[in-house]
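Since the structure comes first, as structure tokens, the remarks are kept for the end.
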Number of protein chains: 2
Amino acid sequence: MSENGYPQALGKKHWPFPKLPAGAKCKRCGEQAIVPLPSHNANFCPDCFELFFKKAVVRALKSLKVSTETPLLVAVSGGKDSLALWHILNELGFATRGLHLDLGIPEFSQESRDAIAKFATSRGLEWVTYSLKKEFGLSIPEIKKRLRGKICSACGKIKRYFLNTLTIKEGFDLIATGHNLDDEAGRLLGNLIGHRLEMVNKQYPLLPSPHPNVPGRLKPLFRLEIKEILAYCALKNIVPVKSTCPYSKKASSHRFKKALDRLESEMPGIKRNFLYAYLKDNKHKTQQTFTNTCKRCGQPAYAQICSVCLMKERLF
Amino acid sequence: MSENGYPQALGKKHWPFPKLPAGAKCKRCGEQAIVPLPSHNANFCPDCFELFFKKAVVRALKSLKVSTETPLLVAVSGGKDSLALWHILNELGFATRGLHLDLGIPEFSQESRDAIAKFATSRGLEWVTYSLKKEFGLSIPEIKKRLRGKICSACGKIKRYFLNTLTIKEGFDLIATGHNLDDEAGRLLGNLIGHRLEMVNKQYPLLPSPHPNVPGRLKPLFRLEIKEILAYCALKNIVPVKSTCPYSKKASSHRFKKALDRLESEMPGIKRNFLYAYLKDNKHKTQQTFTNTCKRCGQPAYAQICSVCLMKERLF
């Protein structure tokens, strides 16, 4: 810790929380606190915050009945969430491999690859990178050009598809992603406001494999907020890619997250109570069901041809 | 219309919409438009806006199968919603009587009574005022003092109770209230985020009488936004009470309405699509069910004593 109350080598700019006054005590150990968490009615010192963070992930994994014996492929974008996830899974003793899908976005993708390489080599972690251009025939900017409009929804669909197929190719049954509490609560709010109740009913941090060609999906960070993940990165010297995707600025998912953030600032805890209540409802619901197998690629599909193969047809 | 594009005697201050440029055309008649409605992808001139407003109420009443033959008691607070409601019901040919419950809040209640008297006498409308102090034994400020905290939830419960009993006393089967689209969408969002799904399932603009001592409830303005109601008041020379309830400033209902407003400004139409989708779901659901009759007052209750009689016990 530096003397000014922020973690070393970070300073105010990269620290997501307001500065606590000198004398603010850690709820757990009584030392000087630097992490204010109003939704938990607590302030923490760096060490106790790290413990809090670890406990949130352990609690998530325990409730989902995922033991450290499970080999995990970790989807790694190079952002704060995926690197924090990879780091904590490694600390908890999981055998992991990183999977990065290079989207071919100028500058952003290069910076992402660099952030991953720096993070993983310094920790002796193993990872593999696939290029979307090679796998699909087109990069995200090329797809965007041909679609002539917003790319976020198509990009999401494509990433999901290739993370699925590549996880199976790499010999894993389960893929872990860095989705955090804000992602999950924002998505839930968007689906509720859009009255997509079938999507609301499917949302859960562990989706078992619905088909031999599709791995299960795990979200170990669903109990942690963006700010908490940023603080964890700062304290653990995790340096995520600095820039954000140049295409996602107007994504509607950001809007729902912002709406929840404003409500949270007025009613601390509302965001997590909201998410957990719906997740509890979904605990025993059947998740995905596919009626077909795509005739072209063999992936599960709702129709005779899967949506990515249909997209391919339109794009080429 | 004044020359500056705002309705006469109003000016910019009381006009809820931004000024449209000279030459902006009414979608319906092509004249100069002054009412921009992005959620309807339309701008209107004053006359066509009034027609739009009337049609929204007629459409609501038609869908709820309420004909102009139905005698309606109108709950009148003196605010923009209740006066606009009373005005349009009168214009549509309904036989109405106003019902005002005087809450005994210094200044605010006096101003509310004055606004109602001015509105109703100038239009030859009949109304009746009851005092909460006389009916319940305590005014809202007195209740607030004894509860030592937020009053909004208790006040809502008390108003609901007395509007019910007084409607029956006045010989009506149905009470109409001024709840608008923002009220209903905000309430729905609050209930969804709070995971009160039993409340979500009950929300509908016509709730039939569930008990001989309880009238049906009708919300003819559920298709109209706050801004549209303010503009209607301005154009129809309806002058609502200027001040707002001094106790409601931090009501959580405001927060959910604000959150929806921000989403609406980014995605026009999202608010009404959200509300209508859930209302459609609730169309054929059973509404309220009461298992008991209160032993003290004879009103329907979920337990042996109703919640207002229980509150009375605590307060006195």
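Labeling convention for the structure tokens: chains A, B, ... as they appear, residues from 1 per chain, ligands from 1 in order of appearance.
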Subject >> Close residues, segment 224-239 of chain B itself excluded, 7 Å, only C-alpha atoms, min 5 positions apart in chain, as a list in words >> reply: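 Close residues of segment 224-239 of chain B: Pro7, Trp15, Pro16, Glu50, Lys80, Asp81, Ala84, Ala115, Phe119, Asn180, Leu181 and Asp182 of chain B.
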Could you take the residues named above and write them with C-alpha atoms, as a PDB file, in the first residue's frame?
ATOM      1  CA  PRO B   7     -49.707  27.152 -25.454  1.00  0.00           C
ATOM      2  CA  TRP B  15     -44.609  23.002 -21.107  1.00  0.00           C
ATOM      3  CA  PRO B  16     -43.097  19.538 -20.726  1.00  0.00           C
ATOM      4  CA  GLU B  50     -55.862  16.252 -28.054  1.00  0.00           C
ATOM      5  CA  LYS B  80     -52.350  16.702 -12.947  1.00  0.00           C
ATOM      6  CA  ASP B  81     -53.343  13.053 -13.377  1.00  0.00           C
ATOM      7  CA  ALA B  84     -56.900  15.349 -16.493  1.00  0.00           C
ATOM      8  CA  ALA B 115     -57.166  23.346  -7.119  1.00  0.00           C
ATOM      9  CA  PHE B 119     -61.380  23.036 -11.505  1.00  0.00           C
ATOM     10  CA  ASN B 180     -50.515   6.930 -15.772  1.00  0.00           C
ATOM     11  CA  LEU B 181     -48.153   4.860 -17.891  1.00  0.00           C
ATOM     12  CA  ASP B 182     -45.113   5.999 -15.886  1.00  0.00           C
TER      13      ASP B 182
END
Subject >> Within 12 Å of chain A: residues of chain B, using only C-alpha atoms, as an MDAnalysis selection string >> reply: chainID B and resid 185:186 188:197 200 250:267 269:281
**OP:** Between A:Glu184, A:Val57, A:Trp127, A:Thr289, single out the one closest to Ser209 of chain A, counting only C-alpha atoms.
**Re:**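 Nearest to Ser209 of chain A: A:Thr289.
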**OP:** To one decimal in Å, tell me the separation between atom CA of Gly104 of chain A and atom CA of Leu138 of chain A.
**Re:**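 Atom CA of Gly104 of chain A sits 8.7 Å away from atom CA of Leu138 of chain A.
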Got a sec to tell me which of segment 61-195 of chain A DSSP assigns to helix (DSSP H, G or I), as an mmCIF file with N, CA and C atoms, in the first residue's frame?
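Full text of result01.cif as output:
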data_model
loop_
_atom_site.group_PDB
_atom_site.id
_atom_site.type_symbol
_atom_site.label_atom_id
_atom_site.label_comp_id
_atom_site.auth_asym_id
_atom_site.auth_seq_id
_atom_site.Cartn_x
_atom_site.Cartn_y
_atom_site.Cartn_z
ATOM 1 N N LEU A 61 -18.750 -21.498 -6.387
ATOM 2 C CA LEU A 61 -18.401 -22.825 -6.900
ATOM 3 C C LEU A 61 -19.015 -23.938 -6.053
ATOM 4 N N LYS A 62 -19.050 -23.700 -4.745
ATOM 5 C CA LYS A 62 -19.624 -24.693 -3.843
ATOM 6 C C LYS A 62 -21.129 -24.861 -4.122
ATOM 7 N N SER A 63 -21.811 -23.733 -4.258
ATOM 8 C CA SER A 63 -23.257 -23.797 -4.504
ATOM 9 C C SER A 63 -23.543 -24.460 -5.846
ATOM 10 N N LYS A 80 -10.580 -7.297 -17.725
ATOM 11 C CA LYS A 80 -10.447 -7.449 -16.272
ATOM 12 C C LYS A 80 -11.131 -8.716 -15.745
ATOM 13 N N ASP A 81 -12.310 -9.022 -16.275
ATOM 14 C CA ASP A 81 -13.079 -10.144 -15.733
ATOM 15 C C ASP A 81 -12.387 -11.474 -16.004
ATOM 16 N N SER A 82 -11.998 -11.685 -17.262
ATOM 17 C CA SER A 82 -11.436 -12.999 -17.594
ATOM 18 C C SER A 82 -10.074 -13.197 -16.940
ATOM 19 N N LEU A 83 -9.269 -12.126 -16.840
ATOM 20 C CA LEU A 83 -7.966 -12.302 -16.194
ATOM 21 C C LEU A 83 -8.118 -12.517 -14.683
ATOM 22 N N ALA A 84 -9.030 -11.780 -14.056
ATOM 23 C CA ALA A 84 -9.281 -11.984 -12.624
ATOM 24 C C ALA A 84 -9.787 -13.404 -12.373
ATOM 25 N N LEU A 85 -10.660 -13.875 -13.255
ATOM 26 C CA LEU A 85 -11.193 -15.238 -13.128
ATOM 27 C C LEU A 85 -10.077 -16.276 -13.234
ATOM 28 N N TRP A 86 -9.259 -16.110 -14.260
ATOM 29 C CA TRP A 86 -8.177 -17.075 -14.481
ATOM 30 C C TRP A 86 -7.242 -17.096 -13.268
ATOM 31 N N HIS A 87 -6.933 -15.889 -12.769
ATOM 32 C CA HIS A 87 -6.047 -15.758 -11.616
ATOM 33 C C HIS A 87 -6.605 -16.486 -10.383
ATOM 34 N N ILE A 88 -7.855 -16.231 -10.071
ATOM 35 C CA ILE A 88 -8.416 -16.804 -8.835
ATOM 36 C C ILE A 88 -8.594 -18.318 -8.978
ATOM 37 N N LEU A 89 -8.976 -18.780 -10.166
ATOM 38 C CA LEU A 89 -9.129 -20.228 -10.365
ATOM 39 C C LEU A 89 -7.789 -20.924 -10.155
ATOM 40 N N ASN A 90 -6.740 -20.293 -10.654
ATOM 41 C CA ASN A 90 -5.395 -20.809 -10.479
ATOM 42 C C ASN A 90 -5.009 -20.825 -8.997
ATOM 43 N N GLU A 91 -5.315 -19.736 -8.302
ATOM 44 C CA GLU A 91 -5.029 -19.660 -6.860
ATOM 45 C C GLU A 91 -5.772 -20.737 -6.078
ATOM 46 N N PHE A 108 -7.336 -3.169 -30.922
ATOM 47 C CA PHE A 108 -7.963 -3.784 -29.757
ATOM 48 C C PHE A 108 -7.563 -5.259 -29.619
ATOM 49 N N SER A 109 -7.608 -6.013 -30.716
ATOM 50 C CA SER A 109 -7.285 -7.440 -30.618
ATOM 51 C C SER A 109 -5.802 -7.645 -30.325
ATOM 52 N N GLN A 110 -4.941 -6.823 -30.930
ATOM 53 C CA GLN A 110 -3.498 -6.926 -30.667
ATOM 54 C C GLN A 110 -3.218 -6.639 -29.190
ATOM 55 N N GLU A 111 -3.826 -5.558 -28.671
ATOM 56 C CA GLU A 111 -3.640 -5.204 -27.254
ATOM 57 C C GLU A 111 -4.158 -6.312 -26.342
ATOM 58 N N SER A 112 -5.255 -6.933 -26.737
ATOM 59 C CA SER A 112 -5.826 -8.027 -25.938
ATOM 60 C C SER A 112 -4.857 -9.203 -25.887
ATOM 61 N N ARG A 113 -4.327 -9.566 -27.047
ATOM 62 C CA ARG A 113 -3.363 -10.685 -27.094
ATOM 63 C C ARG A 113 -2.147 -10.385 -26.221
ATOM 64 N N ASP A 114 -1.665 -9.128 -26.296
ATOM 65 C CA ASP A 114 -0.496 -8.736 -25.490
ATOM 66 C C ASP A 114 -0.792 -8.848 -23.993
ATOM 67 N N ALA A 115 -1.978 -8.375 -23.586
ATOM 68 C CA ALA A 115 -2.342 -8.422 -22.160
ATOM 69 C C ALA A 115 -2.390 -9.870 -21.665
ATOM 70 N N ILE A 116 -2.954 -10.746 -22.491
ATOM 71 C CA ILE A 116 -3.048 -12.161 -22.111
ATOM 72 C C ILE A 116 -1.657 -12.774 -22.003
ATOM 73 N N ALA A 117 -0.818 -12.518 -23.017
ATOM 74 C CA ALA A 117 0.528 -13.110 -23.035
ATOM 75 C C ALA A 117 1.318 -12.665 -21.807
ATOM 76 N N LYS A 118 1.231 -11.372 -21.497
ATOM 77 C CA LYS A 118 1.984 -10.847 -20.357
ATOM 78 C C LYS A 118 1.484 -11.479 -19.044
ATOM 79 N N PHE A 119 0.155 -11.530 -18.909
ATOM 80 C CA PHE A 119 -0.448 -12.104 -17.703
ATOM 81 C C PHE A 119 -0.054 -13.576 -17.540
ATOM 82 N N ALA A 120 -0.216 -14.351 -18.613
ATOM 83 C CA ALA A 120 -0.074 -15.812 -18.508
ATOM 84 C C ALA A 120 1.394 -16.232 -18.382
ATOM 85 N N THR A 121 2.280 -15.600 -19.162
ATOM 86 C CA THR A 121 3.685 -16.021 -19.098
ATOM 87 C C THR A 121 4.269 -15.719 -17.716
ATOM 88 N N SER A 122 3.914 -14.564 -17.146
ATOM 89 C CA SER A 122 4.467 -14.220 -15.831
ATOM 90 C C SER A 122 3.955 -15.178 -14.740
ATOM 91 N N ARG A 123 2.862 -15.880 -15.009
ATOM 92 C CA ARG A 123 2.315 -16.802 -14.021
ATOM 93 C C ARG A 123 2.497 -18.269 -14.423
ATOM 94 N N LEU A 132 -10.524 -15.964 -35.369
ATOM 95 C CA LEU A 132 -11.873 -16.059 -35.949
ATOM 96 C C LEU A 132 -11.793 -16.049 -37.473
ATOM 97 N N LYS A 133 -10.873 -15.235 -37.995
ATOM 98 C CA LYS A 133 -10.670 -15.157 -39.446
ATOM 99 C C LYS A 133 -10.381 -16.559 -40.015
ATOM 100 N N LYS A 134 -9.539 -17.323 -39.308
ATOM 101 C CA LYS A 134 -9.199 -18.667 -39.808
ATOM 102 C C LYS A 134 -10.357 -19.646 -39.592
ATOM 103 N N GLU A 135 -11.019 -19.527 -38.444
ATOM 104 C CA GLU A 135 -12.077 -20.494 -38.098
ATOM 105 C C GLU A 135 -13.356 -20.270 -38.906
ATOM 106 N N PHE A 136 -13.690 -18.975 -39.079
ATOM 107 C CA PHE A 136 -14.991 -18.630 -39.686
ATOM 108 C C PHE A 136 -14.819 -18.109 -41.119
ATOM 109 N N ILE A 140 -14.257 -9.959 -37.171
ATOM 110 C CA ILE A 140 -15.423 -9.158 -36.750
ATOM 111 C C ILE A 140 -15.582 -7.871 -37.583
ATOM 112 N N PRO A 141 -14.497 -7.105 -37.858
ATOM 113 C CA PRO A 141 -14.689 -5.909 -38.699
ATOM 114 C C PRO A 141 -15.225 -6.259 -40.083
ATOM 115 N N GLU A 142 -14.801 -7.392 -40.633
ATOM 116 C CA GLU A 142 -15.308 -7.790 -41.960
ATOM 117 C C GLU A 142 -16.784 -8.177 -41.884
ATOM 118 N N ILE A 143 -17.158 -8.857 -40.796
ATOM 119 C CA ILE A 143 -18.581 -9.218 -40.627
ATOM 120 C C ILE A 143 -19.410 -7.948 -40.463
ATOM 121 N N LYS A 144 -18.894 -7.032 -39.641
ATOM 122 C CA LYS A 144 -19.607 -5.774 -39.399
ATOM 123 C C LYS A 144 -19.859 -5.034 -40.713
ATOM 124 N N LYS A 145 -18.847 -5.008 -41.557
ATOM 125 C CA LYS A 145 -18.962 -4.317 -42.844
ATOM 126 C C LYS A 145 -20.077 -4.944 -43.685
ATOM 127 N N ARG A 146 -20.100 -6.280 -43.701
ATOM 128 C CA ARG A 146 -21.113 -6.955 -44.527
ATOM 129 C C ARG A 146 -22.517 -6.857 -43.928
ATOM 130 N N LEU A 147 -22.600 -6.783 -42.607
ATOM 131 C CA LEU A 147 -23.928 -6.684 -41.968
ATOM 132 C C LEU A 147 -24.481 -5.267 -42.043
ATOM 133 N N CYS A 152 -22.973 -6.208 -32.239
ATOM 134 C CA CYS A 152 -22.897 -6.856 -30.914
ATOM 135 C C CYS A 152 -23.655 -8.185 -30.842
ATOM 136 N N SER A 153 -24.859 -8.199 -31.374
ATOM 137 C CA SER A 153 -25.658 -9.408 -31.271
ATOM 138 C C SER A 153 -25.038 -10.543 -32.100
ATOM 139 N N ALA A 154 -24.619 -10.236 -33.330
ATOM 140 C CA ALA A 154 -23.975 -11.250 -34.179
ATOM 141 C C ALA A 154 -22.666 -11.713 -33.556
ATOM 142 N N CYS A 155 -21.881 -10.778 -33.021
ATOM 143 C CA CYS A 155 -20.591 -11.108 -32.420
ATOM 144 C C CYS A 155 -20.802 -12.043 -31.225
ATOM 145 N N GLY A 156 -21.807 -11.755 -30.427
ATOM 146 C CA GLY A 156 -22.123 -12.598 -29.278
ATOM 147 C C GLY A 156 -22.442 -14.025 -29.700
ATOM 148 N N LYS A 157 -23.245 -14.116 -30.747
ATOM 149 C CA LYS A 157 -23.660 -15.429 -31.251
ATOM 150 C C LYS A 157 -22.449 -16.216 -31.773
ATOM 151 N N ILE A 158 -21.592 -15.514 -32.527
ATOM 152 C CA ILE A 158 -20.406 -16.155 -33.113
ATOM 153 C C ILE A 158 -19.422 -16.588 -32.021
ATOM 154 N N LYS A 159 -19.201 -15.710 -31.046
ATOM 155 C CA LYS A 159 -18.261 -16.061 -29.970
ATOM 156 C C LYS A 159 -18.768 -17.288 -29.214
ATOM 157 N N ARG A 160 -20.057 -17.296 -28.918
ATOM 158 C CA ARG A 160 -20.653 -18.417 -28.213
ATOM 159 C C ARG A 160 -20.430 -19.723 -28.975
ATOM 160 N N TYR A 161 -20.685 -19.648 -30.267
ATOM 161 C CA TYR A 161 -20.546 -20.827 -31.128
ATOM 162 C C TYR A 161 -19.111 -21.348 -31.104
ATOM 163 N N PHE A 162 -18.125 -20.445 -31.332
ATOM 164 C CA PHE A 162 -16.741 -20.911 -31.428
ATOM 165 C C PHE A 162 -16.156 -21.265 -30.065
ATOM 166 N N LEU A 163 -16.577 -20.577 -29.014
ATOM 167 C CA LEU A 163 -16.098 -21.002 -27.694
ATOM 168 C C LEU A 163 -16.610 -22.410 -27.399
ATOM 169 N N ASN A 164 -17.828 -22.700 -27.836
ATOM 170 C CA ASN A 164 -18.358 -24.065 -27.666
ATOM 171 C C ASN A 164 -17.539 -25.094 -28.443
ATOM 172 N N THR A 165 -17.423 -24.873 -29.749
ATOM 173 C CA THR A 165 -16.760 -25.895 -30.574
ATOM 174 C C THR A 165 -15.285 -26.045 -30.181
ATOM 175 N N LEU A 166 -14.630 -24.922 -29.854
ATOM 176 C CA LEU A 166 -13.195 -24.994 -29.525
ATOM 177 C C LEU A 166 -12.960 -25.625 -28.159
ATOM 178 N N THR A 167 -13.902 -25.454 -27.243
ATOM 179 C CA THR A 167 -13.769 -26.106 -25.931
ATOM 180 C C THR A 167 -13.789 -27.621 -26.097
ATOM 181 N N ILE A 168 -14.731 -28.100 -26.897
ATOM 182 C CA ILE A 168 -14.812 -29.543 -27.161
ATOM 183 C C ILE A 168 -13.535 -30.010 -27.881
ATOM 184 N N LYS A 169 -13.094 -29.224 -28.860
ATOM 185 C CA LYS A 169 -11.882 -29.555 -29.613
ATOM 186 C C LYS A 169 -10.672 -29.661 -28.679
ATOM 187 N N LEU A 181 -21.380 -9.965 -11.657
ATOM 188 C CA LEU A 181 -22.722 -9.671 -11.149
ATOM 189 C C LEU A 181 -23.429 -8.597 -11.986
ATOM 190 N N ASP A 182 -22.679 -7.586 -12.417
ATOM 191 C CA ASP A 182 -23.282 -6.522 -13.226
ATOM 192 C C ASP A 182 -23.735 -7.048 -14.584
ATOM 193 N N ASP A 183 -22.894 -7.894 -15.197
ATOM 194 C CA ASP A 183 -23.292 -8.505 -16.481
ATOM 195 C C ASP A 183 -24.589 -9.282 -16.326
ATOM 196 N N GLU A 184 -24.625 -10.105 -15.287
ATOM 197 C CA GLU A 184 -25.759 -11.008 -15.112
ATOM 198 C C GLU A 184 -27.027 -10.257 -14.722
ATOM 199 N N ALA A 185 -26.885 -9.258 -13.822
ATOM 200 C CA ALA A 185 -28.054 -8.477 -13.407
ATOM 201 C C ALA A 185 -28.551 -7.606 -14.567
ATOM 202 N N GLY A 186 -27.615 -7.039 -15.337
ATOM 203 C CA GLY A 186 -28.000 -6.210 -16.488
ATOM 204 C C GLY A 186 -28.733 -7.041 -17.534
ATOM 205 N N ARG A 187 -28.211 -8.225 -17.781
ATOM 206 C CA ARG A 187 -28.842 -9.116 -18.759
ATOM 207 C C ARG A 187 -30.247 -9.515 -18.299
ATOM 208 N N LEU A 188 -30.353 -9.811 -17.004
ATOM 209 C CA LEU A 188 -31.654 -10.167 -16.440
ATOM 210 C C LEU A 188 -32.646 -9.005 -16.594
ATOM 211 N N LEU A 189 -32.179 -7.803 -16.268
ATOM 212 C CA LEU A 189 -33.067 -6.640 -16.390
ATOM 213 C C LEU A 189 -33.504 -6.436 -17.836
ATOM 214 N N GLY A 190 -32.551 -6.545 -18.762
ATOM 215 C CA GLY A 190 -32.887 -6.393 -20.186
ATOM 216 C C GLY A 190 -33.917 -7.419 -20.624
ATOM 217 N N ASN A 191 -33.730 -8.653 -20.182
ATOM 218 C CA ASN A 191 -34.681 -9.702 -20.561
ATOM 219 C C ASN A 191 -36.046 -9.502 -19.910
ATOM 220 N N LEU A 192 -36.065 -8.999 -18.667
ATOM 221 C CA LEU A 192 -37.354 -8.744 -18.004
ATOM 222 C C LEU A 192 -38.060 -7.571 -18.673
ATOM 223 N N ILE A 193 -37.341 -6.482 -18.932
ATOM 224 C CA ILE A 193 -37.973 -5.316 -19.564
ATOM 225 C C ILE A 193 -38.419 -5.666 -20.982
#
Original post:
When you draw a straight line from atom CA of Thr70 of chain A to atom CA of Gly216 of chain A, how long is it in Å?
Top reply: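 The value is 11.8 Å.
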**OP:** Would you list the contacts of Cys309 of chain A as a list in words, taking every protein, DNA or RNA residue within 10 Å and counting only C-alpha atoms, but skipping same-chain residues closer than 5 positions in sequence?
**Re:**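 Neighbouring residues, sequence-local ones excluded: Phe136, Ile158, Cys294, Lys295, Arg296, Cys297, Gln299, Arg314 and Leu315 of chain A.
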**OP:** Might you pull out every residue within 7 Å of segment 100-102 of chain B, with only C-alpha atoms counted and same-chain residues fewer than 5 positions away left off, and present them as a list in words?
**Re:**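 Once the nearby chain positions are removed, what remains is Ala75, Val76, Ser77, Ser109, Val128, Thr129, Tyr130, Ser131 and Leu132 of chain B.
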If you run DSSP on this backbone, which residues of segment 39-282 of chain B come out as strand (DSSP E or B), and could you give them as a PDB file with C-alpha atoms, in the first residue's frame?
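states07.pdb, freshly written:
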ATOM      1  CA  ALA B  42     -44.796  11.332 -34.255  1.00  0.00           C
ATOM      2  CA  ASN B  43     -45.063  15.087 -33.739  1.00  0.00           C
ATOM      3  CA  PHE B  44     -48.522  16.609 -33.261  1.00  0.00           C
ATOM      4  CA  LEU B  72     -67.729   6.434 -12.149  1.00  0.00           C
ATOM      5  CA  LEU B  73     -66.436   7.814  -8.903  1.00  0.00           C
ATOM      6  CA  VAL B  74     -63.160   9.591  -9.679  1.00  0.00           C
ATOM      7  CA  ALA B  75     -60.439   9.702  -7.016  1.00  0.00           C
ATOM      8  CA  THR B  96     -68.888  11.179 -12.656  1.00  0.00           C
ATOM      9  CA  ARG B  97     -68.535  12.335  -9.096  1.00  0.00           C
ATOM     10  CA  GLY B  98     -65.231  13.443  -7.625  1.00  0.00           C
ATOM     11  CA  LEU B  99     -64.007  11.928  -4.341  1.00  0.00           C
ATOM     12  CA  HIS B 100     -61.287  13.766  -2.463  1.00  0.00           C
ATOM     13  CA  LEU B 101     -59.620  12.469   0.680  1.00  0.00           C
ATOM     14  CA  ASP B 102     -58.126  15.374   2.610  1.00  0.00           C
ATOM     15  CA  TRP B 127     -67.473  16.322  -5.817  1.00  0.00           C
ATOM     16  CA  VAL B 128     -67.314  15.297  -2.201  1.00  0.00           C
ATOM     17  CA  THR B 129     -64.440  15.721   0.284  1.00  0.00           C
ATOM     18  CA  TYR B 130     -63.747  13.519   3.291  1.00  0.00           C
ATOM     19  CA  SER B 131     -61.200  14.311   5.962  1.00  0.00           C
ATOM     20  CA  LEU B 174     -66.160   1.371  -9.574  1.00  0.00           C
ATOM     21  CA  ILE B 175     -63.506   3.928  -8.691  1.00  0.00           C
ATOM     22  CA  ALA B 176     -61.345   5.498 -11.411  1.00  0.00           C
ATOM     23  CA  LEU B 206     -59.206  -2.913 -14.400  1.00  0.00           C
ATOM     24  CA  LEU B 207     -59.493  -4.909 -11.213  1.00  0.00           C
ATOM     25  CA  HIS B 211     -65.642  -8.448  -2.280  1.00  0.00           C
ATOM     26  CA  VAL B 214     -64.638  -3.239  -2.165  1.00  0.00           C
ATOM     27  CA  GLY B 216     -63.649  -2.323  -8.762  1.00  0.00           C
ATOM     28  CA  ARG B 217     -60.641  -0.192  -9.725  1.00  0.00           C
ATOM     29  CA  LEU B 218     -60.107   1.410 -13.096  1.00  0.00           C
TER      30      LEU B 218
END
Subject >> Nearest to Phe316 of chain A by atom-to-atom distance, counting only C-alpha atoms, from A:Pro38, A:Gly137, A:Pro21, A:Gly124 >> reply: A:Gly137
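Restricting the calculation to only C-alpha atoms, the smallest distance between Glu69 of chain B and any of B:Pro46, B:Gly93, B:Pro300, B:Gly30 is found for B:Gly93.
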**OP:** List the neighbours of Pro18 of chain B out to 9 Å using only C-alpha atoms; skip same-chain residues closer than 3 positions along the sequence, and give me the result as a list of chain:residue names.
**Re:**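 Contacts, in chain order: B:Lys12, B:Trp15, B:Ile34, B:Val35, B:Pro36.
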